[in-house]
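Undergrad: The structure that follows is given in the form of structure tokens.
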Amino acid sequence: MKKLAQITAISVIVAGLSSVPAQAATFTESDDAGETLSTAQILSTMPMPLKSISGMLSGDADLFQIFLTGGQTFSATTVGRADFDTQLFLFDKDGFGVYSNDESTGSIGQSTLPMNSPFTPTKSGIYYLGISGFDYDPVSDKGEIFPDFPDFPDVAFDAVVGATGFGGDSPLKEFDGAILSSGGSYTIALTGVETAGNTSIPEPSSVLGILALGALGASRLKNQKNNQKTGNSSAS
């Protein structure tokens, strides 16, 4: 009876946890985020949807480690009229460029990495999101990772581009270039993103597996007890 009660209690607890609605988080940069993989700010609180990142750029670049849920649901857009001309960049977990944007179509000074573009990641996992002022760009050992004016004069300022610059086949080393703005405050609105600590809560399929095992164990335990009672009755 004790084992059956324990299994029932576990099932109730797990079912209760699975019914708790997910809370969306907003993140505000505390210490200055770095601009390399080793100095990026890691958003590793309890895993939950992340709807925005806010910070202050002091003329350099900020880099954040985030978790993408995959399925081309990711997007990032600077909102609220940042105090400088923004650029956004996305890198995979190893620092290889994914895509970037300088100017959102129809806007001045704002940037967008859109969902469902040919460059939007389909796989979930750890990625790095970078923001900088105009012309302060990510580079690898071989040069600029993303195509940029004036080296690529045919690339429009509002184009969403992949890692096709001279250094696009190598990982991020640092940011480099002219710092044309003293920086300022910014907010990046996000979709398809969670905080980076994404391994603490089991997936729904895992929860169902736990419940199924619990139900199977309870059923077997009940059958054993019934068989024992039948045997005892026959013996008497």
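Ordering of the structure tokens sets the chain letters (A, B, ...); residue numbers start at 1 within each chain; ligands are numbered from 1 in the order shown.
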Using only C-alpha atoms, determine which residues lie at most 7 Å from A:Thr191, disregarding the query and same-chain residues fewer than 2 positions distant; provide the list as a list in words.

TA: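 Non-adjacent residues within range: Lys51, Thr73, Phe74, Ser75, Ala76 and Val193 of chain A.
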
Undergrad: Report as a VMD selection string all protein, DNA and RNA residues lying within 10 Å of A:Phe96, evaluated on only C-alpha atoms, omitting residues in the same chain fewer than 3 positions from it.

TA: chain A and resid 90 to 93 99 127 to 128 140 145 163 167 to 173

Undergrad: Hey, can you spit out that residue selection with C-alpha atoms as a PDB file, in the first residue's frame?

TA:
ATOM      1  CA  LEU A  90      23.696  35.727 -34.399  1.00  0.00           C
ATOM      2  CA  PHE A  91      26.390  33.070 -33.916  1.00  0.00           C
ATOM      3  CA  ASP A  92      26.158  29.344 -33.208  1.00  0.00           C
ATOM      4  CA  LYS A  93      27.577  27.740 -30.065  1.00  0.00           C
ATOM      5  CA  TYR A  99      23.092  35.889 -39.921  1.00  0.00           C
ATOM      6  CA  TYR A 127      23.608  30.461 -29.619  1.00  0.00           C
ATOM      7  CA  TYR A 128      25.158  33.897 -29.143  1.00  0.00           C
ATOM      8  CA  SER A 140      37.511  36.091 -37.314  1.00  0.00           C
ATOM      9  CA  ILE A 145      32.426  37.451 -40.801  1.00  0.00           C
ATOM     10  CA  ALA A 163      28.190  34.666 -42.897  1.00  0.00           C
ATOM     11  CA  GLY A 167      36.175  35.599 -42.551  1.00  0.00           C
ATOM     12  CA  GLY A 168      32.805  33.866 -42.649  1.00  0.00           C
ATOM     13  CA  ASP A 169      34.200  30.321 -42.579  1.00  0.00           C
ATOM     14  CA  SER A 170      35.955  30.854 -39.231  1.00  0.00           C
ATOM     15  CA  PRO A 171      34.590  31.512 -35.719  1.00  0.00           C
ATOM     16  CA  LEU A 172      34.291  34.851 -33.963  1.00  0.00           C
ATOM     17  CA  LYS A 173      37.547  36.241 -32.591  1.00  0.00           C
TER      18      LYS A 173
END

Undergrad: Using atom CA of A:Met46 and atom CA of A:Ser185 as the two end points, give the distance in Å to one decimal.

TA: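 Spanning atom CA of A:Met46 to atom CA of A:Ser185 is a straight-line distance of 25.7 Å.
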
Undergrad: Quick one: DSSP strand (DSSP E) residues in stretch 124-213 of chain A, as a CSV table (one decimal) with C-alpha atoms, in the first residue's frame?

TA:
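Contents of result-v3.csv, as written:
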chain,number,residue,atom,x,y,z
A,125,GLY,CA,20.5,24.9,-28.7
A,126,ILE,CA,23.0,27.4,-27.5
A,127,TYR,CA,23.6,30.5,-29.6
A,128,TYR,CA,25.2,33.9,-29.1
A,129,LEU,CA,23.4,37.2,-29.9
A,130,GLY,CA,25.5,40.3,-30.5
A,131,ILE,CA,24.7,44.0,-30.7
A,132,SER,CA,27.0,46.8,-31.7
A,133,GLY,CA,26.9,50.3,-33.3
A,136,TYR,CA,31.9,48.0,-35.4
A,137,ASP,CA,31.8,44.5,-36.8
A,138,PRO,CA,32.5,40.9,-35.8
A,139,VAL,CA,35.7,39.4,-37.2
A,140,SER,CA,37.5,36.1,-37.3
A,143,GLY,CA,38.5,39.1,-41.6
A,144,GLU,CA,34.9,40.3,-41.3
A,160,VAL,CA,19.6,40.3,-43.9
A,161,VAL,CA,22.9,38.5,-44.7
A,162,GLY,CA,24.6,35.2,-43.9
A,174,GLU,CA,36.5,39.8,-31.6
A,175,PHE,CA,34.8,42.9,-32.9
A,176,ASP,CA,36.7,45.5,-34.8
A,177,GLY,CA,36.2,48.6,-36.9
A,184,GLY,CA,23.6,54.2,-25.4
A,185,SER,CA,20.7,52.2,-24.1
A,186,TYR,CA,18.9,49.5,-26.1
A,187,THR,CA,16.2,46.9,-25.9
A,188,ILE,CA,16.0,43.8,-28.1
A,189,ALA,CA,12.6,42.1,-28.4
A,190,LEU,CA,12.9,38.3,-28.9
A,191,THR,CA,10.8,35.3,-30.0
A,193,VAL,CA,14.3,32.2,-27.1
A,194,GLU,CA,14.8,30.8,-23.6

Undergrad: Separation of atom CA of A:Asp135 and atom CA of A:Ile179, in Å?

TA: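 Those two atoms sit 6.8 Å apart.
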
Undergrad: Excluding same-chain residues fewer than 5 positions from A:Gly34, what lies within 9 Å of it counting only C-alpha atoms, as a list in words?

TA: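 Returned residues: Thr39, Ala40, Gln41, Asp60, Ala61, Asp62, Leu63 and Phe64 of chain A.
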
Undergrad: I'd like to know which of A:Pro147, A:Gly109, A:Gly97, A:Gly192 is closest to A:Asp85, using only C-alpha atoms.

TA: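 Comparing A:Pro147, A:Gly109, A:Gly97, A:Gly192 against A:Asp85, the winner is A:Gly109.
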
Undergrad: What separation in Å, quoted to one decimal, exists between atom CA of A:Phe119 and atom CA of A:Gln72?

TA: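 These atoms are spaced 8.7 Å apart.
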
Undergrad: Kindly indicate which residue among A:Thr36, A:Asn116, A:Thr69, A:Ser52 lies nearest to A:Asp94, using only C-alpha atoms for the distances.

TA: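 Among the listed residues, the smallest separation from A:Asp94 belongs to A:Thr36.
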
Undergrad: Based on the backbone DSSP call, show me all residues of stretch 10-161 of chain A assigned helix (DSSP H, G or I), as a list in words.

TA: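 Those in stretch 10-161 of chain A that DSSP calls helix (DSSP H, G or I) are Ile10, Ser11, Val12, Ile13, Val14, Ala15, Gly16, Leu17 and Ser18 of chain A.
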